[in-house]
>>> print(open('data.pdb').read())   # PDB, C-alpha atoms
MODEL        1
ATOM      1  CA  GLY A   1     -11.305 -37.331  53.169
ATOM      2  CA  ALA A   2     -10.707 -33.711  52.361
ATOM      3  CA  VAL A   3     -12.703 -31.464  54.631
ATOM      4  CA  VAL A   4     -13.068 -27.750  54.153
ATOM      5  CA  SER A   5     -14.835 -25.577  56.691
ATOM      6  CA  GLN A   6     -16.162 -22.047  56.479
ATOM      7  CA  HIS A   7     -17.069 -19.619  59.174
ATOM      8  CA  PRO A   8     -19.555 -18.143  59.671
ATOM      9  CA  SER A   9     -22.203 -20.195  57.906
ATOM     10  CA  TRP A  10     -24.434 -17.157  57.673
ATOM     11  CA  VAL A  11     -24.130 -13.489  58.506
ATOM     12  CA  ILE A  12     -26.442 -10.514  58.446
ATOM     13  CA  CYS A  13     -24.885  -7.081  58.474
ATOM     14  CA  LYS A  14     -25.782  -3.470  57.899
ATOM     15  CA  SER A  15     -24.901  -1.675  54.705
ATOM     16  CA  GLY A  16     -21.469  -0.083  54.888
ATOM     17  CA  THR A  17     -19.937  -2.559  57.288
ATOM     18  CA  SER A  18     -17.217  -5.101  56.524
ATOM     19  CA  VAL A  19     -17.582  -8.829  56.852
ATOM     20  CA  LYS A  20     -14.821 -11.426  57.119
ATOM     21  CA  ILE A  21     -15.319 -15.025  56.033
ATOM     22  CA  GLU A  22     -12.822 -17.736  56.940
ATOM     23  CA  CYS A  23     -12.066 -20.834  54.915
ATOM     24  CA  ARG A  24     -10.026 -23.655  56.419
ATOM     25  CA  SER A  25      -8.792 -26.960  55.092
ATOM     26  CA  LEU A  26      -9.052 -29.246  58.107
ATOM     27  CA  ASP A  27      -7.182 -32.388  57.144
ATOM     28  CA  PHE A  28      -4.877 -31.337  54.328
ATOM     29  CA  GLN A  29      -2.636 -28.507  53.272
ATOM     30  CA  ALA A  30      -4.167 -26.434  50.517
ATOM     31  CA  THR A  31      -1.723 -24.879  48.110
ATOM     32  CA  THR A  32      -4.541 -23.105  46.347
ATOM     33  CA  MET A  33      -7.905 -21.880  47.530
ATOM     34  CA  PHE A  34     -10.693 -20.398  45.486
ATOM     35  CA  TRP A  35     -13.535 -18.061  46.313
ATOM     36  CA  TYR A  36     -16.853 -18.274  44.509
ATOM     37  CA  ARG A  37     -20.098 -16.385  44.661
ATOM     38  CA  GLN A  38     -23.450 -17.834  43.762
ATOM     39  CA  PHE A  39     -26.669 -15.916  43.302
ATOM     40  CA  PRO A  40     -30.033 -17.712  43.508
ATOM     41  CA  LYS A  41     -30.644 -20.145  40.670
ATOM     42  CA  GLN A  42     -27.321 -19.303  39.061
ATOM     43  CA  SER A  43     -24.126 -21.239  38.768
ATOM     44  CA  LEU A  44     -20.926 -20.667  40.651
ATOM     45  CA  MET A  45     -18.961 -17.623  39.674
ATOM     46  CA  LEU A  46     -15.251 -17.686  40.440
ATOM     47  CA  MET A  47     -14.150 -14.510  42.159
ATOM     48  CA  ALA A  48     -10.488 -15.132  42.834
ATOM     49  CA  THR A  49      -7.714 -17.673  43.179
ATOM     50  CA  SER A  50      -5.608 -17.565  46.299
ATOM     51  CA  ASN A  51      -2.168 -19.081  46.807
ATOM     52  CA  GLU A  52      -0.486 -19.211  50.188
ATOM     53  CA  GLY A  53       1.907 -16.359  50.697
ATOM     54  CA  SER A  54       1.108 -14.495  47.518
ATOM     55  CA  LYS A  55      -1.444 -12.012  46.271
ATOM     56  CA  ALA A  56      -4.756 -13.330  45.095
ATOM     57  CA  THR A  57      -5.604 -13.370  41.414
ATOM     58  CA  TYR A  58      -8.994 -11.833  40.761
ATOM     59  CA  GLU A  59     -11.320 -12.654  37.910
ATOM     60  CA  GLN A  60     -12.296  -9.948  35.496
ATOM     61  CA  GLY A  61     -14.939  -7.674  36.921
ATOM     62  CA  VAL A  62     -14.260  -8.505  40.561
ATOM     63  CA  GLU A  63     -13.137  -5.490  42.584
ATOM     64  CA  LYS A  64     -10.008  -6.453  44.474
ATOM     65  CA  ASP A  65     -10.303  -3.478  46.820
ATOM     66  CA  LYS A  66     -13.799  -4.528  47.790
ATOM     67  CA  PHE A  67     -13.163  -8.235  48.173
ATOM     68  CA  LEU A  68      -9.936  -8.574  50.125
ATOM     69  CA  ILE A  69      -8.402 -12.014  50.177
ATOM     70  CA  ASN A  70      -5.633 -13.120  52.498
ATOM     71  CA  HIS A  71      -4.125 -16.596  52.306
ATOM     72  CA  ALA A  72      -2.095 -16.547  55.491
ATOM     73  CA  SER A  73      -1.219 -20.225  55.723
ATOM     74  CA  LEU A  74      -1.626 -23.514  53.912
ATOM     75  CA  THR A  75      -4.858 -24.141  55.802
ATOM     76  CA  LEU A  76      -6.494 -20.725  56.020
ATOM     77  CA  SER A  77      -7.794 -18.160  53.567
ATOM     78  CA  THR A  78     -10.039 -15.232  54.407
ATOM     79  CA  LEU A  79     -12.358 -13.131  52.302
ATOM     80  CA  THR A  80     -13.315  -9.706  53.584
ATOM     81  CA  VAL A  81     -16.211  -7.935  51.947
ATOM     82  CA  THR A  82     -15.525  -4.272  52.614
ATOM     83  CA  SER A  83     -18.260  -1.663  52.813
ATOM     84  CA  ALA A  84     -20.893  -4.245  51.998
ATOM     85  CA  HIS A  85     -24.044  -3.212  50.175
ATOM     86  CA  PRO A  86     -27.306  -5.083  49.577
ATOM     87  CA  GLU A  87     -26.152  -6.128  46.107
ATOM     88  CA  ASP A  88     -23.303  -8.045  47.774
ATOM     89  CA  SER A  89     -25.849 -10.340  49.391
ATOM     90  CA  SER A  90     -25.051 -13.778  48.066
ATOM     91  CA  PHE A  91     -23.818 -17.266  48.880
ATOM     92  CA  TYR A  92     -20.023 -17.219  49.177
ATOM     93  CA  ILE A  93     -18.268 -20.541  48.825
ATOM     94  CA  CYS A  94     -14.606 -21.381  49.121
ATOM     95  CA  SER A  95     -12.816 -24.414  47.809
ATOM     96  CA  ALA A  96      -9.359 -25.847  48.312
ATOM     97  CA  THR A  97      -7.060 -28.097  46.395
ATOM     98  CA  ARG A  98      -4.033 -29.993  47.583
ATOM     99  CA  GLY A  99      -1.965 -29.274  44.542
ATOM    100  CA  GLY A 100       0.853 -31.334  43.120
ATOM    101  CA  ARG A 101      -1.412 -33.913  41.502
ATOM    102  CA  GLY A 102      -1.692 -32.328  38.095
ATOM    103  CA  ILE A 103      -4.851 -33.055  36.169
ATOM    104  CA  THR A 104      -6.199 -35.316  38.900
ATOM    105  CA  ASP A 105      -6.283 -32.549  41.465
ATOM    106  CA  THR A 106      -9.777 -31.797  42.678
ATOM    107  CA  GLN A 107     -11.402 -28.890  44.418
ATOM    108  CA  TYR A 108     -13.123 -29.591  47.706
ATOM    109  CA  PHE A 109     -15.775 -27.116  48.670
ATOM    110  CA  GLY A 110     -16.602 -25.596  52.009
ATOM    111  CA  PRO A 111     -20.227 -25.461  53.163
ATOM    112  CA  GLY A 112     -20.627 -21.839  52.124
ATOM    113  CA  THR A 113     -21.487 -18.581  53.872
ATOM    114  CA  ARG A 114     -24.771 -16.875  53.225
ATOM    115  CA  LEU A 115     -24.333 -13.112  53.452
ATOM    116  CA  THR A 116     -27.303 -10.808  53.776
ATOM    117  CA  VAL A 117     -26.666  -7.072  53.735
ATOM    118  CA  LEU A 118     -29.520  -4.947  55.000
TER     119      LEU A 118
ATOM    120  CA  GLN B   9     -20.429 -20.478  22.469
ATOM    121  CA  LYS B  10     -20.371 -21.061  26.193
ATOM    122  CA  GLU B  11     -17.335 -22.829  27.579
ATOM    123  CA  VAL B  12     -19.297 -25.526  29.394
ATOM    124  CA  GLU B  13     -22.888 -26.234  28.455
ATOM    125  CA  GLN B  14     -25.467 -28.280  30.239
ATOM    126  CA  ASN B  15     -29.179 -28.702  29.728
ATOM    127  CA  SER B  16     -30.716 -26.796  32.618
ATOM    128  CA  GLY B  17     -33.572 -29.270  32.900
ATOM    129  CA  PRO B  18     -35.438 -30.089  34.941
ATOM    130  CA  LEU B  19     -34.781 -33.719  34.164
ATOM    131  CA  SER B  20     -37.382 -35.899  35.772
ATOM    132  CA  VAL B  21     -36.956 -39.665  36.173
ATOM    133  CA  PRO B  22     -38.832 -42.268  38.186
ATOM    134  CA  GLU B  23     -37.207 -43.921  41.153
ATOM    135  CA  GLY B  24     -35.059 -46.861  40.097
ATOM    136  CA  ALA B  25     -34.462 -45.554  36.584
ATOM    137  CA  ILE B  26     -31.196 -44.458  35.015
ATOM    138  CA  ALA B  27     -30.631 -40.711  34.934
ATOM    139  CA  SER B  28     -28.389 -39.436  32.156
ATOM    140  CA  LEU B  29     -26.791 -36.021  32.479
ATOM    141  CA  ASN B  30     -24.869 -34.459  29.648
ATOM    142  CA  CYS B  31     -22.231 -31.780  29.285
ATOM    143  CA  THR B  32     -20.303 -30.358  26.339
ATOM    144  CA  TYR B  33     -17.259 -28.149  26.445
ATOM    145  CA  SER B  34     -15.659 -25.874  23.902
ATOM    146  CA  ASP B  35     -11.952 -25.896  24.760
ATOM    147  CA  ARG B  36     -10.154 -28.886  23.266
ATOM    148  CA  GLY B  37      -7.273 -28.268  25.649
ATOM    149  CA  SER B  38      -9.418 -29.204  28.637
ATOM    150  CA  GLN B  39      -7.816 -31.963  30.614
ATOM    151  CA  SER B  40      -9.983 -32.985  33.545
ATOM    152  CA  PHE B  41     -13.708 -33.191  33.970
ATOM    153  CA  PHE B  42     -15.641 -33.160  37.190
ATOM    154  CA  TRP B  43     -19.169 -33.808  38.301
ATOM    155  CA  TYR B  44     -20.454 -32.113  41.419
ATOM    156  CA  ARG B  45     -23.835 -32.450  43.078
ATOM    157  CA  GLN B  46     -25.414 -29.436  44.726
ATOM    158  CA  TYR B  47     -28.487 -29.638  46.899
ATOM    159  CA  SER B  48     -30.608 -26.527  47.191
ATOM    160  CA  GLY B  49     -29.001 -24.060  49.569
ATOM    161  CA  LYS B  50     -25.860 -26.147  49.968
ATOM    162  CA  SER B  51     -22.398 -26.066  48.475
ATOM    163  CA  PRO B  52     -21.255 -28.476  45.748
ATOM    164  CA  GLU B  53     -19.937 -31.886  46.670
ATOM    165  CA  LEU B  54     -17.660 -33.880  44.408
ATOM    166  CA  ILE B  55     -19.153 -37.008  42.857
ATOM    167  CA  MET B  56     -16.313 -38.035  40.605
ATOM    168  CA  PHE B  57     -13.820 -36.897  38.031
ATOM    169  CA  ILE B  58     -12.522 -38.336  34.778
ATOM    170  CA  TYR B  59      -9.623 -37.455  32.530
ATOM    171  CA  SER B  60      -9.255 -40.416  30.165
ATOM    172  CA  ASN B  61     -11.562 -41.284  27.305
ATOM    173  CA  GLY B  62     -14.053 -43.973  28.148
ATOM    174  CA  ASP B  63     -16.069 -44.873  31.200
ATOM    175  CA  LYS B  64     -15.281 -44.597  34.876
ATOM    176  CA  GLU B  65     -17.565 -46.229  37.404
ATOM    177  CA  ASP B  66     -18.005 -45.479  41.096
ATOM    178  CA  GLY B  67     -20.910 -47.236  42.749
ATOM    179  CA  ARG B  68     -24.136 -46.141  41.084
ATOM    180  CA  PHE B  69     -22.359 -43.418  39.127
ATOM    181  CA  THR B  70     -20.617 -43.730  35.776
ATOM    182  CA  ALA B  71     -18.825 -40.889  34.084
ATOM    183  CA  GLN B  72     -18.223 -41.075  30.371
ATOM    184  CA  LEU B  73     -15.734 -38.954  28.451
ATOM    185  CA  ASN B  74     -15.372 -38.521  24.707
ATOM    186  CA  LYS B  75     -12.708 -35.953  23.992
ATOM    187  CA  ALA B  76     -13.154 -36.157  20.221
ATOM    188  CA  SER B  77     -16.762 -35.089  20.614
ATOM    189  CA  GLN B  78     -15.954 -32.793  23.559
ATOM    190  CA  TYR B  79     -18.634 -34.498  25.547
ATOM    191  CA  VAL B  80     -18.831 -35.783  29.091
ATOM    192  CA  SER B  81     -21.780 -37.437  30.753
ATOM    193  CA  LEU B  82     -22.863 -38.790  34.093
ATOM    194  CA  LEU B  83     -25.120 -41.803  34.469
ATOM    195  CA  ILE B  84     -26.869 -42.497  37.742
ATOM    196  CA  ARG B  85     -28.203 -46.026  38.039
ATOM    197  CA  ASP B  86     -31.060 -47.000  40.333
ATOM    198  CA  SER B  87     -31.928 -43.341  40.887
ATOM    199  CA  GLN B  88     -33.206 -42.469  44.331
ATOM    200  CA  PRO B  89     -35.250 -39.477  45.503
ATOM    201  CA  SER B  90     -32.168 -38.431  47.486
ATOM    202  CA  ASP B  91     -30.368 -37.961  44.158
ATOM    203  CA  SER B  92     -32.667 -35.021  43.401
ATOM    204  CA  ALA B  93     -30.296 -32.079  43.125
ATOM    205  CA  THR B  94     -28.518 -29.864  40.636
ATOM    206  CA  TYR B  95     -25.594 -31.558  38.926
ATOM    207  CA  LEU B  96     -22.713 -29.355  37.913
ATOM    208  CA  CYS B  97     -20.234 -30.245  35.213
ATOM    209  CA  ALA B  98     -16.823 -28.607  35.585
ATOM    210  CA  VAL B  99     -13.790 -28.577  33.350
ATOM    211  CA  MET B 100     -10.164 -27.956  34.217
ATOM    212  CA  LYS B 101      -7.437 -26.884  31.858
ATOM    213  CA  GLY B 102      -3.849 -26.264  32.708
ATOM    214  CA  SER B 103      -1.980 -26.403  35.974
ATOM    215  CA  ASN B 104      -3.681 -23.582  37.843
ATOM    216  CA  TYR B 105      -6.472 -25.868  39.082
ATOM    217  CA  LYS B 106      -9.169 -23.436  37.974
ATOM    218  CA  LEU B 107     -12.527 -24.961  37.145
ATOM    219  CA  THR B 108     -15.045 -23.679  34.648
ATOM    220  CA  PHE B 109     -18.558 -24.681  35.616
ATOM    221  CA  GLY B 110     -21.645 -25.259  33.567
ATOM    222  CA  LYS B 111     -24.918 -23.847  34.835
ATOM    223  CA  GLY B 112     -26.041 -27.220  36.075
ATOM    224  CA  THR B 113     -28.870 -29.625  35.381
ATOM    225  CA  LEU B 114     -31.687 -29.963  37.888
ATOM    226  CA  LEU B 115     -32.563 -33.610  38.415
ATOM    227  CA  THR B 116     -35.781 -34.707  40.064
ATOM    228  CA  VAL B 117     -36.273 -38.355  40.986
ATOM    229  CA  ASN B 118     -39.906 -39.143  41.581
ATOM    230  CA  PRO B 119     -40.850 -41.821  44.131
TER     231      PRO B 119
ENDMDL
END
>>> encode(input="data.pdb", output="structure tokens")
Amino acid sequence: GAVVSQHPSWVICKSGTSVKIECRSLDFQATTMFWYRQFPKQSLMLMATSNEGSKATYEQGVEKDKFLINHASLTLSTLTVTSAHPEDSSFYICSATRGGRGITDTQYFGPGTRLTVL
Amino acid sequence: QKEVEQNSGPLSVPEGAIASLNCTYSDRGSQSFFWYRQYSGKSPELIMFIYSNGDKEDGRFTAQLNKASQYVSLLIRDSQPSDSATYLCAVMKGSNYKLTFGKGTLLTVNP
């Protein structure tokens, strides 16, 4: 299979603090990882694309200084929500793809992290 | 026109019936098409993908692709209550592996 883990699965923090979320591919090397955000009853919204060893590519409207992404290795990417505010409360989901398989490449999703900012 | 469109539902079918989920996309350059299932409060899980015109079967699931009509569908045979979830259609274009998702169709299978 292709297993992706996320940690933590949920986090509650105070407004103004920073939160780090880890995404790991457990049984494969992920050339590319993606970070999504999903609000209740809405679809997935891509925040950024992360390639190992290079800067993340952010989608339009996503503040790169607020959502820091580090793809340190082929199995680990982290998302740090800096100075979190209640409006950042959401379900954050990462996905990973092996790469090198062209149009048959698929994204495998982690279980998600539910962030609540008080 | 939205890039990937799905009927939001809810689609309600009785247990044992065939559930048919539909998706249209606007970009003719789209190359791969994916169906994900998402249970409430959980992350999406891949059901199957298709990239050639025609049908692709995997167990109780059949994906159908018609590139001329820019249409992809998912059939679920012998629907079970455990199939009740939101089904997301996603489209990939190009080599950057990015997916564009539809808003999903909520399926309810009634016992």
>>> resolve_selection(input="data.pdb", expression="the ChimeraX specification (/B :<10) & /A", output="ChimeraX atom specification")
/A:32-34,38,40-46,48-49,91-114
>>> residues_around(input="data.pdb", residues="stretch 16-23 of chain A", least_positions_apart="3", cutoff="10 Å", atoms="all atoms listed in the file", output="VMD selection string")
chain A and resid 4 to 13 26 33 to 35 66 to 71 75 to 86 92 to 96 109 to 113 115 117 to 118
>>> closest_residue(input="data.pdb", among="B:Thr113, B:Asn74, B:Ser90, B:Ser60", to="B:Trp43", atoms="all atoms listed in the file")
B:Thr113
>>> resolve_selection(input="data.pdb", expression="the PyMOL selection byres ((chain B and resi 15) around 12)", output="ChimeraX atom specification")
/B:12-14,16-19,28-32,81,94-97,110-115
>>> axis_aligned_box(input="data.pdb", around="stretch 48-61 of chain B", padding_each_side="4 Å", output="lines of an AutoDock Vina configuration file")
center_x = -19.9
center_y = -32.7
center_z = 38.6
size_x = 29.4
size_y = 25.2
size_z = 30.7
>>> resolve_selection(input="data.pdb", expression="the PyMOL selection byres ((chain B and resi 73) around 7)", output="list in words")
Ser60, Asn61, Gly62, Asp63, Ala71, Gln72, Asn74, Lys75, Tyr79, Val80 and Ser81 of chain B
>>> atom_distance(input="data.pdb", atom1="atom CA of A:Ser90", atom2="atom CA of B:Ala93")
19.7 Å
>>> decode(input="data.pdb", residues="stretch 52-63 of chain B", atoms="all heavy atoms", output="PDB file, in the first residue's frame")
ATOM      1  N   PRO B  52      -9.949  11.913   2.554  1.00  0.00           N
ATOM      2  CA  PRO B  52     -10.339  11.122   1.379  1.00  0.00           C
ATOM      3  C   PRO B  52      -9.500   9.856   1.234  1.00  0.00           C
ATOM      4  O   PRO B  52      -8.311   9.833   1.561  1.00  0.00           O
ATOM      5  CB  PRO B  52     -10.058  12.073   0.210  1.00  0.00           C
ATOM      6  CG  PRO B  52     -10.010  13.439   0.812  1.00  0.00           C
ATOM      7  CD  PRO B  52      -9.457  13.245   2.178  1.00  0.00           C
ATOM      8  N   GLU B  53     -10.125   8.825   0.726  1.00  0.00           N
ATOM      9  CA  GLU B  53      -9.404   7.602   0.403  1.00  0.00           C
ATOM     10  C   GLU B  53      -9.662   7.272  -1.065  1.00  0.00           C
ATOM     11  O   GLU B  53     -10.779   7.410  -1.570  1.00  0.00           O
ATOM     12  CB  GLU B  53      -9.824   6.441   1.301  1.00  0.00           C
ATOM     13  CG  GLU B  53     -11.300   6.112   1.276  1.00  0.00           C
ATOM     14  CD  GLU B  53     -11.641   4.907   2.138  1.00  0.00           C
ATOM     15  OE1 GLU B  53     -10.908   3.903   2.094  1.00  0.00           O
ATOM     16  OE2 GLU B  53     -12.652   4.988   2.863  1.00  0.00           O
ATOM     17  N   LEU B  54      -8.610   6.854  -1.737  1.00  0.00           N
ATOM     18  CA  LEU B  54      -8.696   6.589  -3.168  1.00  0.00           C
ATOM     19  C   LEU B  54      -9.530   5.340  -3.433  1.00  0.00           C
ATOM     20  O   LEU B  54      -9.309   4.292  -2.828  1.00  0.00           O
ATOM     21  CB  LEU B  54      -7.291   6.404  -3.740  1.00  0.00           C
ATOM     22  CG  LEU B  54      -7.203   6.091  -5.229  1.00  0.00           C
ATOM     23  CD1 LEU B  54      -7.645   7.296  -6.049  1.00  0.00           C
ATOM     24  CD2 LEU B  54      -5.787   5.689  -5.599  1.00  0.00           C
ATOM     25  N   ILE B  55     -10.484   5.470  -4.354  1.00  0.00           N
ATOM     26  CA  ILE B  55     -11.246   4.300  -4.803  1.00  0.00           C
ATOM     27  C   ILE B  55     -10.611   3.750  -6.068  1.00  0.00           C
ATOM     28  O   ILE B  55     -10.277   2.571  -6.146  1.00  0.00           O
ATOM     29  CB  ILE B  55     -12.718   4.674  -5.078  1.00  0.00           C
ATOM     30  CG1 ILE B  55     -13.393   5.152  -3.792  1.00  0.00           C
ATOM     31  CG2 ILE B  55     -13.463   3.491  -5.673  1.00  0.00           C
ATOM     32  CD1 ILE B  55     -14.800   5.668  -4.013  1.00  0.00           C
ATOM     33  N   MET B  56     -10.479   4.596  -7.054  1.00  0.00           N
ATOM     34  CA  MET B  56      -9.856   4.171  -8.301  1.00  0.00           C
ATOM     35  C   MET B  56      -9.581   5.365  -9.185  1.00  0.00           C
ATOM     36  O   MET B  56     -10.063   6.459  -8.936  1.00  0.00           O
ATOM     37  CB  MET B  56     -10.731   3.157  -9.043  1.00  0.00           C
ATOM     38  CG  MET B  56     -12.088   3.648  -9.487  1.00  0.00           C
ATOM     39  SD  MET B  56     -13.162   2.285 -10.048  1.00  0.00           S
ATOM     40  CE  MET B  56     -12.155   1.490 -11.296  1.00  0.00           C
ATOM     41  N   PHE B  57      -8.766   5.132 -10.218  1.00  0.00           N
ATOM     42  CA  PHE B  57      -8.512   6.171 -11.187  1.00  0.00           C
ATOM     43  C   PHE B  57      -8.657   5.591 -12.588  1.00  0.00           C
ATOM     44  O   PHE B  57      -8.610   4.374 -12.786  1.00  0.00           O
ATOM     45  CB  PHE B  57      -7.120   6.780 -10.997  1.00  0.00           C
ATOM     46  CG  PHE B  57      -5.988   5.842 -11.301  1.00  0.00           C
ATOM     47  CD1 PHE B  57      -5.449   5.756 -12.577  1.00  0.00           C
ATOM     48  CD2 PHE B  57      -5.445   5.050 -10.310  1.00  0.00           C
ATOM     49  CE1 PHE B  57      -4.410   4.897 -12.863  1.00  0.00           C
ATOM     50  CE2 PHE B  57      -4.406   4.184 -10.579  1.00  0.00           C
ATOM     51  CZ  PHE B  57      -3.883   4.095 -11.862  1.00  0.00           C
ATOM     52  N   ILE B  58      -8.826   6.471 -13.549  1.00  0.00           N
ATOM     53  CA  ILE B  58      -8.987   6.058 -14.942  1.00  0.00           C
ATOM     54  C   ILE B  58      -8.370   7.112 -15.824  1.00  0.00           C
ATOM     55  O   ILE B  58      -8.411   8.319 -15.500  1.00  0.00           O
ATOM     56  CB  ILE B  58     -10.490   5.829 -15.272  1.00  0.00           C
ATOM     57  CG1 ILE B  58     -10.664   5.234 -16.668  1.00  0.00           C
ATOM     58  CG2 ILE B  58     -11.292   7.113 -15.119  1.00  0.00           C
ATOM     59  CD1 ILE B  58     -12.092   4.729 -16.925  1.00  0.00           C
ATOM     60  N   TYR B  59      -7.769   6.702 -16.927  1.00  0.00           N
ATOM     61  CA  TYR B  59      -7.192   7.693 -17.830  1.00  0.00           C
ATOM     62  C   TYR B  59      -7.447   7.359 -19.299  1.00  0.00           C
ATOM     63  O   TYR B  59      -7.110   8.133 -20.188  1.00  0.00           O
ATOM     64  CB  TYR B  59      -5.686   7.868 -17.589  1.00  0.00           C
ATOM     65  CG  TYR B  59      -4.884   6.601 -17.649  1.00  0.00           C
ATOM     66  CD1 TYR B  59      -4.366   6.133 -18.850  1.00  0.00           C
ATOM     67  CD2 TYR B  59      -4.636   5.870 -16.503  1.00  0.00           C
ATOM     68  CE1 TYR B  59      -3.632   4.976 -18.907  1.00  0.00           C
ATOM     69  CE2 TYR B  59      -3.905   4.702 -16.549  1.00  0.00           C
ATOM     70  CZ  TYR B  59      -3.399   4.248 -17.745  1.00  0.00           C
ATOM     71  OH  TYR B  59      -2.682   3.097 -17.788  1.00  0.00           O
ATOM     72  N   SER B  60      -8.040   6.195 -19.557  1.00  0.00           N
ATOM     73  CA  SER B  60      -8.400   5.846 -20.933  1.00  0.00           C
ATOM     74  C   SER B  60      -9.906   5.835 -21.081  1.00  0.00           C
ATOM     75  O   SER B  60     -10.635   5.448 -20.149  1.00  0.00           O
ATOM     76  CB  SER B  60      -7.854   4.464 -21.289  1.00  0.00           C
ATOM     77  OG  SER B  60      -6.447   4.457 -21.236  1.00  0.00           O
ATOM     78  N   ASN B  61     -10.375   6.204 -22.261  1.00  0.00           N
ATOM     79  CA  ASN B  61     -11.811   6.153 -22.524  1.00  0.00           C
ATOM     80  C   ASN B  61     -12.348   4.742 -22.312  1.00  0.00           C
ATOM     81  O   ASN B  61     -11.669   3.748 -22.616  1.00  0.00           O
ATOM     82  CB  ASN B  61     -12.113   6.570 -23.972  1.00  0.00           C
ATOM     83  CG  ASN B  61     -12.235   8.071 -24.118  1.00  0.00           C
ATOM     84  OD1 ASN B  61     -12.691   8.770 -23.226  1.00  0.00           O
ATOM     85  ND2 ASN B  61     -11.801   8.569 -25.269  1.00  0.00           N
ATOM     86  N   GLY B  62     -13.546   4.671 -21.782  1.00  0.00           N
ATOM     87  CA  GLY B  62     -14.164   3.374 -21.581  1.00  0.00           C
ATOM     88  C   GLY B  62     -14.406   3.104 -20.112  1.00  0.00           C
ATOM     89  O   GLY B  62     -14.517   4.020 -19.307  1.00  0.00           O
ATOM     90  N   ASP B  63     -14.513   1.839 -19.793  1.00  0.00           N
ATOM     91  CA  ASP B  63     -14.839   1.407 -18.440  1.00  0.00           C
ATOM     92  C   ASP B  63     -13.625   0.771 -17.774  1.00  0.00           C
ATOM     93  O   ASP B  63     -12.800   0.119 -18.425  1.00  0.00           O
ATOM     94  CB  ASP B  63     -15.972   0.383 -18.459  1.00  0.00           C
ATOM     95  CG  ASP B  63     -17.273   0.952 -18.962  1.00  0.00           C
ATOM     96  OD1 ASP B  63     -17.317   2.163 -19.274  1.00  0.00           O
ATOM     97  OD2 ASP B  63     -18.265   0.195 -19.040  1.00  0.00           O
TER      98      ASP B  63
END
